[in-house]
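Below is coords-v2.json, holding JSON, C-alpha atoms.
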```
[["chain", "number", "residue", "atom", "x", "y", "z"],
["Y", 229, "MET", "CA", -39.28, -25.80, 4.62],
["Y", 230, "THR", "CA", -40.13, -29.46, 4.17],
["Y", 231, "VAL", "CA", -38.84, -32.40, 6.15],
["Y", 232, "ASN", "CA", -36.68, -33.42, 3.20],
["Y", 233, "ASP", "CA", -35.20, -29.91, 2.96],
["Y", 234, "ILE", "CA", -34.37, -29.90, 6.65],
["Y", 235, "MET", "CA", -32.91, -33.40, 6.69],
["Y", 236, "ALA", "CA", -30.62, -32.46, 3.81],
["Y", 237, "GLU", "CA", -29.42, -29.39, 5.74],
["Y", 238, "LEU", "CA", -28.86, -31.42, 8.88],
["Y", 239, "GLU", "CA", -26.84, -34.01, 7.02],
["Y", 240, "ALA", "CA", -24.71, -31.27, 5.45],
["Y", 241, "LYS", "CA", -24.03, -29.75, 8.87],
["Y", 242, "GLY", "CA", -23.23, -33.05, 10.56],
["Y", 243, "SER", "CA", -19.86, -33.53, 12.22],
["Y", 244, "GLU", "CA", -18.17, -36.81, 13.08],
["Y", 245, "THR", "CA", -16.40, -35.08, 15.95],
["Y", 246, "ILE", "CA", -19.66, -33.83, 17.44],
["Y", 247, "LYS", "CA", -21.25, -37.19, 16.79],
["Y", 248, "SER", "CA", -18.55, -39.08, 18.70],
["Y", 249, "ILE", "CA", -19.00, -36.73, 21.67],
["Y", 250, "LEU", "CA", -22.77, -37.10, 21.66],
["Y", 251, "LEU", "CA", -22.56, -40.88, 21.43],
["Y", 252, "LYS", "CA", -20.60, -40.89, 24.69],
["Y", 253, "HIS", "CA", -23.35, -38.77, 26.23],
["Y", 254, "GLY", "CA", -26.08, -41.25, 25.37],
["Y", 255, "VAL", "CA", -27.40, -39.97, 22.04],
["Y", 256, "LYS", "CA", -28.52, -42.93, 19.93],
["Y", 257, "GLU", "CA", -28.23, -43.57, 16.19],
["Y", 258, "PRO", "CA", -29.39, -42.42, 13.75],
["Y", 259, "PHE", "CA", -28.15, -38.82, 13.85],
["Y", 260, "PHE", "CA", -25.64, -36.64, 12.00],
["Y", 261, "GLY", "CA", -23.95, -34.80, 14.88],
["Y", 262, "VAL", "CA", -25.31, -31.29, 14.32],
["Y", 263, "LYS", "CA", -24.44, -28.50, 16.75],
["Y", 264, "VAL", "CA", -27.40, -27.02, 18.63],
["Y", 265, "GLU", "CA", -26.41, -23.56, 17.42],
["Y", 266, "PHE", "CA", -27.22, -24.61, 13.84],
["Y", 267, "LEU", "CA", -30.51, -26.19, 14.91],
["Y", 268, "LYS", "CA", -31.44, -22.84, 16.42],
["Y", 269, "VAL", "CA", -30.73, -21.14, 13.09],
["Y", 270, "ILE", "CA", -33.38, -23.35, 11.51],
["Y", 271, "GLU", "CA", -35.69, -22.76, 14.47],
["Y", 272, "LYS", "CA", -35.56, -19.00, 13.86],
["Y", 273, "LYS", "CA", -36.63, -19.52, 10.25],
["Y", 274, "ILE", "CA", -39.56, -21.77, 11.16],
["Y", 275, "LYS", "CA", -40.55, -20.47, 14.60],
["Y", 276, "LYS", "CA", -43.48, -22.76, 15.55],
["Y", 277, "ASP", "CA", -44.94, -25.46, 13.35],
["Y", 278, "TYR", "CA", -46.92, -28.23, 15.02],
["Y", 279, "ALA", "CA", -47.28, -30.48, 11.96],
["Y", 280, "LEU", "CA", -43.66, -30.12, 10.86],
["Y", 281, "ALA", "CA", -42.45, -30.87, 14.40],
["Y", 282, "LEU", "CA", -44.38, -34.15, 14.36],
["Y", 283, "GLU", "CA", -42.89, -35.07, 10.98],
["Y", 284, "LEU", "CA", -39.35, -34.30, 12.10],
["Y", 285, "TYR", "CA", -39.71, -36.25, 15.32],
["Y", 286, "ALA", "CA", -41.11, -39.23, 13.42],
["Y", 287, "THR", "CA", -37.84, -39.56, 11.48],
["Y", 288, "LYS", "CA", -36.30, -40.89, 14.74],
["Y", 289, "ASN", "CA", -33.12, -39.00, 13.82],
["Y", 290, "ALA", "CA", -31.88, -37.46, 17.08],
["Y", 291, "ASP", "CA", -30.86, -34.16, 15.44],
["Y", 292, "ALA", "CA", -34.27, -33.83, 13.82],
["Y", 293, "MET", "CA", -36.01, -34.83, 17.06],
["Y", 294, "TYR", "CA", -34.19, -32.11, 18.99],
["Y", 295, "LEU", "CA", -35.19, -29.56, 16.35],
["Y", 296, "ALA", "CA", -38.77, -30.84, 16.52],
["Y", 297, "GLY", "CA", -38.87, -29.92, 20.18],
["Y", 298, "LEU", "CA", -37.60, -26.42, 19.46],
["Y", 299, "ILE", "CA", -40.30, -25.69, 16.88],
["Y", 300, "ALA", "CA", -43.15, -27.64, 18.49],
["Y", 301, "ASP", "CA", -46.27, -25.71, 19.45],
["Y", 302, "ASP", "CA", -46.49, -27.08, 22.98],
["Y", 303, "VAL", "CA", -50.15, -26.16, 23.51],
["Y", 304, "LEU", "CA", -51.31, -28.04, 20.40],
["Y", 305, "MET", "CA", -49.64, -31.31, 21.38],
["Y", 306, "THR", "CA", -52.17, -34.00, 22.24],
["Y", 307, "LYS", "CA", -51.79, -36.66, 24.91],
["Y", 308, "GLU", "CA", -51.19, -39.17, 22.15],
["Y", 309, "ASP", "CA", -48.47, -36.97, 20.65],
["Y", 310, "LEU", "CA", -46.71, -36.59, 23.98],
["Y", 311, "ASN", "CA", -46.93, -40.27, 24.84],
["Y", 312, "THR", "CA", -45.50, -41.16, 21.43],
["Y", 313, "TRP", "CA", -42.66, -38.70, 21.90],
["Y", 314, "ALA", "CA", -41.89, -40.05, 25.37],
["Y", 315, "GLN", "CA", -41.86, -43.63, 24.10],
["Y", 316, "GLN", "CA", -39.43, -42.75, 21.30],
["Y", 317, "ALA", "CA", -37.11, -40.60, 23.46],
["Y", 318, "VAL", "CA", -34.35, -43.19, 23.70],
["Y", 319, "SER", "CA", -31.53, -40.64, 23.34],
["Y", 320, "THR", "CA", -30.58, -38.97, 26.62],
["Y", 321, "ASN", "CA", -30.83, -35.44, 25.24],
["Y", 322, "ILE", "CA", -34.32, -36.09, 23.91],
["Y", 323, "ALA", "CA", -35.51, -37.71, 27.16],
["Y", 324, "SER", "CA", -33.89, -35.16, 29.45],
["Y", 325, "TYR", "CA", -34.58, -31.98, 27.50],
["Y", 326, "THR", "CA", -36.60, -32.08, 24.28],
["Y", 327, "VAL", "CA", -39.73, -33.92, 25.37],
["Y", 328, "PRO", "CA", -39.82, -32.44, 28.90],
["Y", 329, "TRP", "CA", -39.54, -28.91, 27.47],
["Y", 330, "VAL", "CA", -42.58, -29.52, 25.29],
["Y", 331, "ALA", "CA", -44.57, -31.44, 27.91],
["Y", 332, "ALA", "CA", -43.96, -28.79, 30.58],
["Y", 333, "GLY", "CA", -45.63, -26.22, 28.32],
["Y", 334, "ASN", "CA", -48.66, -28.42, 27.70],
["Y", 335, "GLN", "CA", -51.89, -28.63, 29.69],
["Y", 336, "HIS", "CA", -51.50, -32.40, 30.03],
["Y", 337, "GLY", "CA", -47.85, -32.27, 31.08],
["Y", 338, "VAL", "CA", -48.22, -32.83, 34.82],
["Y", 339, "GLU", "CA", -50.81, -35.57, 34.44],
["Y", 340, "LEU", "CA", -48.64, -37.47, 31.97],
["Y", 341, "ALA", "CA", -45.41, -36.88, 33.90],
["Y", 342, "LEU", "CA", -46.92, -38.48, 37.01],
["Y", 343, "GLN", "CA", -47.66, -41.55, 34.88],
["Y", 344, "TRP", "CA", -44.28, -41.55, 33.16],
["Y", 345, "ILE", "CA", -42.25, -41.63, 36.40],
["Y", 346, "ASP", "CA", -43.73, -45.07, 37.13],
["Y", 347, "ASN", "CA", -42.85, -46.49, 33.72],
["Y", 348, "LYS", "CA", -40.69, -49.61, 33.50],
["Y", 349, "GLU", "CA", -38.74, -48.04, 30.62],
["Y", 350, "GLU", "CA", -35.99, -45.90, 32.12],
["Y", 351, "HIS", "CA", -36.02, -43.26, 29.40],
["Y", 352, "ILE", "CA", -39.76, -42.66, 29.90],
["Y", 353, "ALA", "CA", -39.29, -42.31, 33.66],
["Y", 354, "VAL", "CA", -36.55, -39.77, 32.92],
["Y", 355, "VAL", "CA", -38.96, -37.80, 30.72],
["Y", 356, "GLY", "CA", -41.42, -37.76, 33.61],
["Y", 357, "TRP", "CA", -39.05, -36.45, 36.25],
["Y", 358, "ALA", "CA", -37.55, -33.88, 33.87],
["Y", 359, "THR", "CA", -41.03, -32.68, 32.90],
["Y", 360, "LEU", "CA", -41.94, -32.14, 36.54],
["Y", 361, "ALA", "CA", -38.69, -30.25, 37.07],
["Y", 362, "GLY", "CA", -39.58, -28.02, 34.13],
["Y", 363, "VAL", "CA", -43.11, -27.40, 35.35],
["Y", 364, "VAL", "CA", -42.05, -26.20, 38.80],
["Y", 365, "SER", "CA", -39.47, -23.88, 37.27],
["Y", 366, "LEU", "CA", -42.08, -22.24, 35.02],
["Y", 367, "LYS", "CA", -45.42, -22.14, 36.83],
["Y", 368, "PRO", "CA", -46.26, -19.80, 39.73],
["Y", 369, "ASP", "CA", -46.39, -21.63, 43.05],
["Y", 370, "SER", "CA", -50.13, -20.85, 43.23],
["Y", 371, "GLU", "CA", -50.67, -23.13, 40.19],
["Y", 372, "LEU", "CA", -48.70, -26.05, 41.60],
["Y", 373, "ASP", "CA", -50.01, -29.00, 43.62],
["Y", 374, "LEU", "CA", -47.68, -28.51, 46.57],
["Y", 375, "SER", "CA", -48.83, -31.60, 48.46],
["Y", 376, "THR", "CA", -48.05, -33.81, 45.46],
["Y", 377, "LEU", "CA", -44.66, -32.16, 45.03],
["Y", 378, "SER", "CA", -43.86, -32.73, 48.71],
["Y", 379, "MET", "CA", -44.83, -36.39, 48.33],
["Y", 380, "LEU", "CA", -42.52, -36.65, 45.31],
["Y", 381, "VAL", "CA", -39.63, -35.10, 47.24],
["Y", 382, "LYS", "CA", -40.11, -37.82, 49.87],
["Y", 383, "ARG", "CA", -40.19, -40.43, 47.11],
["Y", 384, "VAL", "CA", -36.89, -39.13, 45.77],
["Y", 385, "SER", "CA", -35.39, -39.35, 49.25],
["Y", 386, "SER", "CA", -36.45, -42.98, 49.61],
["Y", 387, "ASN", "CA", -35.72, -44.25, 46.12],
["Y", 388, "ILE", "CA", -32.98, -42.26, 44.43],
["Y", 389, "HIS", "CA", -30.03, -44.41, 45.49],
["Y", 390, "HIS", "CA", -31.82, -47.50, 44.18],
["Y", 391, "ALA", "CA", -32.99, -45.92, 40.92],
["Y", 392, "ARG", "CA", -31.62, -46.63, 37.46],
["Y", 393, "ASN", "CA", -28.64, -44.66, 36.20],
["Y", 394, "GLN", "CA", -30.19, -41.82, 34.18],
["Y", 395, "GLU", "CA", -33.26, -41.90, 36.38],
["Y", 396, "LYS", "CA", -31.08, -40.91, 39.35],
["Y", 397, "GLN", "CA", -29.90, -37.84, 37.52],
["Y", 398, "ALA", "CA", -33.45, -36.88, 36.52],
["Y", 399, "MET", "CA", -34.69, -37.28, 40.09],
["Y", 400, "ASN", "CA", -31.80, -35.16, 41.31],
["Y", 401, "GLY", "CA", -32.70, -32.49, 38.76],
["Y", 402, "PHE", "CA", -36.29, -32.52, 39.99],
["Y", 403, "LEU", "CA", -35.12, -32.04, 43.58],
["Y", 404, "ILE", "CA", -32.90, -29.13, 42.55],
["Y", 405, "SER", "CA", -35.79, -27.55, 40.67],
["Y", 406, "VAL", "CA", -38.17, -27.83, 43.61],
["Y", 407, "GLY", "CA", -35.57, -26.40, 45.97],
["Y", 408, "SER", "CA", -34.71, -23.55, 43.62],
["Y", 409, "TYR", "CA", -38.17, -22.55, 42.40],
["Y", 410, "VAL", "CA", -40.83, -23.48, 44.98],
["Y", 411, "SER", "CA", -40.67, -21.19, 48.01],
["Y", 412, "SER", "CA", -42.61, -23.30, 50.49],
["Y", 413, "LEU", "CA", -40.72, -26.50, 49.65],
["Y", 414, "SER", "CA", -37.21, -25.10, 49.40],
["Y", 415, "GLN", "CA", -36.16, -26.06, 52.93],
["Y", 416, "GLU", "CA", -37.64, -29.54, 52.57],
["Y", 417, "ALA", "CA", -35.69, -29.99, 49.34],
["Y", 418, "ILE", "CA", -32.45, -28.83, 50.97],
["Y", 419, "TYR", "CA", -32.98, -31.19, 53.91],
["Y", 420, "THR", "CA", -33.64, -34.04, 51.49],
["Y", 421, "ALA", "CA", -30.62, -33.18, 49.38],
["Y", 422, "ASN", "CA", -28.34, -33.22, 52.43],
["Y", 423, "LYS", "CA", -29.84, -36.55, 53.48],
["Y", 424, "ILE", "CA", -29.20, -38.03, 50.02],
["Y", 425, "GLY", "CA", -25.60, -36.79, 49.81],
["Y", 426, "THR", "CA", -23.42, -37.81, 46.88],
["Y", 427, "LEU", "CA", -24.96, -39.73, 43.98],
["Y", 428, "THR", "CA", -23.10, -42.36, 42.00],
["Y", 429, "VAL", "CA", -24.02, -42.15, 38.32],
["Y", 430, "ASP", "CA", -22.13, -43.81, 35.47],
["Y", 431, "LYS", "CA", -21.23, -40.97, 33.05],
["Y", 432, "ASN", "CA", -19.65, -43.30, 30.47],
["Y", 433, "GLY", "CA", -16.15, -41.93, 30.90],
["Y", 434, "THR", "CA", -17.12, -38.30, 30.27],
["Y", 435, "ALA", "CA", -16.11, -35.41, 32.50],
["Y", 436, "CYS", "CA", -19.74, -34.64, 33.39],
["Y", 437, "LYS", "CA", -20.65, -34.74, 37.07],
["Y", 438, "VAL", "CA", -23.96, -34.98, 38.88],
["Y", 439, "PRO", "CA", -24.43, -31.74, 40.83],
["Y", 440, "LEU", "CA", -24.93, -31.93, 44.57],
["Y", 441, "ALA", "CA", -28.50, -30.71, 44.97],
["Y", 442, "ALA", "CA", -27.90, -28.86, 48.23],
["Y", 443, "GLU", "CA", -24.94, -26.96, 46.76],
["Y", 444, "TYR", "CA", -26.87, -26.10, 43.61],
["Y", 445, "ILE", "CA", -29.81, -24.70, 45.59],
["Y", 446, "LYS", "CA", -27.37, -22.71, 47.75],
["Y", 447, "LYS", "CA", -25.86, -21.19, 44.60],
["Y", 448, "ALA", "CA", -29.33, -20.04, 43.55],
["Y", 449, "THR", "CA", -29.73, -18.45, 46.99],
["Y", 450, "ASP", "CA", -26.35, -16.74, 46.83],
["Y", 451, "LYS", "CA", -27.11, -15.33, 43.36],
["Y", 452, "GLY", "CA", -30.46, -14.00, 44.54],
["Y", 453, "SER", "CA", -32.31, -16.13, 42.00],
["Y", 454, "LEU", "CA", -34.01, -18.47, 44.48],
["Y", 455, "ASN", "CA", -37.69, -18.90, 43.58],
["Y", 456, "LYS", "CA", -37.45, -16.68, 40.49],
["Y", 457, "LYS", "CA", -39.33, -18.58, 37.81],
["Y", 458, "LYS", "CA", -37.96, -19.18, 34.31],
["Y", 459, "LYS", "CA", -39.57, -17.57, 31.29],
["Y", 460, "LYS", "CA", -38.79, -20.52, 29.03],
["Y", 461, "LEU", "CA", -37.05, -23.88, 29.03],
["Y", 462, "LYS", "CA", -36.08, -24.43, 25.40],
["Y", 463, "CYS", "CA", -32.51, -23.65, 24.49]]
```
Please lay out the structure from this file as structure tokens.
Amino acid sequence: MTVNDIMAELEAKGSETIKSILLKHGVKEPFFGVKVEFLKVIEKKIKKDYALALELYATKNADAMYLAGLIADDVLMTKEDLNTWAQQAVSTNIASYTVPWVAAGNQHGVELALQWIDNKEEHIAVVGWATLAGVVSLKPDSELDLSTLSMLVKRVSSNIHHARNQEKQAMNGFLISVGSYVSSLSQEAIYTANKIGTLTVDKNGTACKVPLAAEYIKKATDKGSLNKKKKKLKC
């Protein structure tokens, strides 16, 4: 399939109803409003295609960018590729999911994420925190820099209430991930989550809520899934 073939399919599957919902959730024009379930149909046909993923992402169409993340060959992505993707991830779904999913599966992911969280652009900082959350949920604890993660947990504790809107949510997600997937830092994450308490995040009138990190980690404990690593992030 070519980019033109795929864009024509996406346009045909677009929905104004879906589009209006996604706009409220921070997805930016241009996009058609395609359901993820249809994007996954295309993903199954293509599987992985590094070059095609880059072409789709370069359209700057949010539907195509999401699909690009699904078919990207994470290992082949260069630092330049990932930095470009992070810079262009202005839609919340791309910043919070697509680029972090790919970066977390890349050898440069942690290095870049630690740079991204300091970026002045909020969406890039979001990519950074979400990438780190993905990494700790995938990699064995033995492959993680636990001292750096502990330092980041402390940073979240100090800064989260003063962070930018979407950045707060990404930092909260990182804290939940550390507490749920890193054995030696779980108690520190729970303590920090209780110290932080309730977060105020503008959800643009939607019914979405920011999960209380301590409660979320407790649910993982109750289900017996605490510290059980994920096999994949993309969905």
For this session: Determine, counting only C-alpha atoms, which protein, DNA and RNA residues have an atom within 12 Å of an atom of Y:Ser408; residues of the same chain fewer than 5 positions away are not included. Present the result as a PyMOL selection string.
Result: chain Y and resi 361-362+364-366+369+401-403+413-418+421+441-458
For the residues in that selection, give me C-alpha atoms as a PDB file, keeping the file's coordinate frame.
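The result, written out as selection24.pdb:
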```pdb
ATOM      1  CA  ALA Y 361     -38.690 -30.250  37.070  1.00  0.00           C
ATOM      2  CA  GLY Y 362     -39.580 -28.020  34.130  1.00  0.00           C
ATOM      3  CA  VAL Y 364     -42.050 -26.200  38.800  1.00  0.00           C
ATOM      4  CA  SER Y 365     -39.470 -23.880  37.270  1.00  0.00           C
ATOM      5  CA  LEU Y 366     -42.080 -22.240  35.020  1.00  0.00           C
ATOM      6  CA  ASP Y 369     -46.390 -21.630  43.050  1.00  0.00           C
ATOM      7  CA  GLY Y 401     -32.700 -32.490  38.760  1.00  0.00           C
ATOM      8  CA  PHE Y 402     -36.290 -32.520  39.990  1.00  0.00           C
ATOM      9  CA  LEU Y 403     -35.120 -32.040  43.580  1.00  0.00           C
ATOM     10  CA  LEU Y 413     -40.720 -26.500  49.650  1.00  0.00           C
ATOM     11  CA  SER Y 414     -37.210 -25.100  49.400  1.00  0.00           C
ATOM     12  CA  GLN Y 415     -36.160 -26.060  52.930  1.00  0.00           C
ATOM     13  CA  GLU Y 416     -37.640 -29.540  52.570  1.00  0.00           C
ATOM     14  CA  ALA Y 417     -35.690 -29.990  49.340  1.00  0.00           C
ATOM     15  CA  ILE Y 418     -32.450 -28.830  50.970  1.00  0.00           C
ATOM     16  CA  ALA Y 421     -30.620 -33.180  49.380  1.00  0.00           C
ATOM     17  CA  ALA Y 441     -28.500 -30.710  44.970  1.00  0.00           C
ATOM     18  CA  ALA Y 442     -27.900 -28.860  48.230  1.00  0.00           C
ATOM     19  CA  GLU Y 443     -24.940 -26.960  46.760  1.00  0.00           C
ATOM     20  CA  TYR Y 444     -26.870 -26.100  43.610  1.00  0.00           C
ATOM     21  CA  ILE Y 445     -29.810 -24.700  45.590  1.00  0.00           C
ATOM     22  CA  LYS Y 446     -27.370 -22.710  47.750  1.00  0.00           C
ATOM     23  CA  LYS Y 447     -25.860 -21.190  44.600  1.00  0.00           C
ATOM     24  CA  ALA Y 448     -29.330 -20.040  43.550  1.00  0.00           C
ATOM     25  CA  THR Y 449     -29.730 -18.450  46.990  1.00  0.00           C
ATOM     26  CA  ASP Y 450     -26.350 -16.740  46.830  1.00  0.00           C
ATOM     27  CA  LYS Y 451     -27.110 -15.330  43.360  1.00  0.00           C
ATOM     28  CA  GLY Y 452     -30.460 -14.000  44.540  1.00  0.00           C
ATOM     29  CA  SER Y 453     -32.310 -16.130  42.000  1.00  0.00           C
ATOM     30  CA  LEU Y 454     -34.010 -18.470  44.480  1.00  0.00           C
ATOM     31  CA  ASN Y 455     -37.690 -18.900  43.580  1.00  0.00           C
ATOM     32  CA  LYS Y 456     -37.450 -16.680  40.490  1.00  0.00           C
ATOM     33  CA  LYS Y 457     -39.330 -18.580  37.810  1.00  0.00           C
ATOM     34  CA  LYS Y 458     -37.960 -19.180  34.310  1.00  0.00           C
TER      35      LYS Y 458
END
```
Exercise. Which residues come within 9 Å of Y:Ala286, counting only C-alpha atoms, excluding same-chain residues fewer than 6 positions away, as number ranges by chain?
Worked result: Y: 292-293, 313, 316
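Residues in contact with Y:Ile424 at up to 8 Å, not including ones fewer than 3 positions away on its chain and judged by only C-alpha atoms, are Ser385, Ile388, His389, Thr420, Ala421 and Leu427 of chain Y.
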Write out as a short mmCIF file (atom, residue, chain, number, x, y, z; two decimals) with C-alpha atoms, keeping the file's coordinate frame which residues come within 10 Å of Y:Lys272 when counting all atoms listed in the file, dropping same-chain ones fewer than 5 positions away.
```cif
data_model
loop_
_atom_site.label_atom_id
_atom_site.label_comp_id
_atom_site.auth_asym_id
_atom_site.auth_seq_id
_atom_site.Cartn_x
_atom_site.Cartn_y
_atom_site.Cartn_z
CA LEU Y 267 -30.51 -26.19 14.91
CA LEU Y 298 -37.60 -26.42 19.46
CA ILE Y 299 -40.30 -25.69 16.88
#
```
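Checking Y:Tyr409, Y:Trp357, Y:Phe259, Y:Trp344 one by one against Y:Asp291, counting only C-alpha atoms, you find the shortest gap at Y:Phe259.
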With 3 Å added on each side, what axis-aligned box encloses every listed atom of stretch 364-376 of chain Y? Give the centre and edge lengths in Å to one decimal, as lines of an AutoDock Vina configuration file.
```
center_x = -45.1
center_y = -26.8
center_z = 41.7
size_x = 17.2
size_y = 20.0
size_z = 19.4
```
Problem set entry | Residue with smallest distance to Y:Lys247 - pool Y:Val410, Y:Val384, Y:Ala341, Y:Val262, counting all atoms listed in the file | Y:Val262
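In this comparison, which uses only C-alpha atoms, the residue of Y:Ser319, Y:Ser405, Y:Asn387, Y:Ser412 approaching Y:Ser375 most closely is Y:Ser412.
If only C-alpha atoms are the atoms counted, then among Y:Asp373, Y:Asn347, Y:Tyr325, Y:Tyr294 the closest residue to Y:Lys268 is Y:Tyr294.
Computed from the coordinates, the atom CA of Y:Lys273 to atom CA of Y:Lys288 distance equals 21.8 Å.
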Exercise. What does the distance from atom CA of Y:Cys463 to atom CA of Y:Ala281 come to in Å, to one decimal?
Worked result: 15.9 Å
Problem set entry | Selected residue of minimal separation from Y:Glu237 among Y:Leu250, Y:Ile345, Y:Val255, Y:Val269, counting all atoms listed in the file | Y:Val269
Problem set entry | Interatomic distance, atom CA of Y:Gly254 to atom CA of Y:Asn321 (Å, one decimal) |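 One can read the atom CA of Y:Gly254 to atom CA of Y:Asn321 distance as 7.5 Å.
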Problem set entry | Among listed residues Y:Ile404, Y:Leu280, Y:Leu304, Y:Leu372, nearest Y:Ile234 (using only C-alpha atoms) |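 Under the stated criterion, the closest residue is Y:Leu280.
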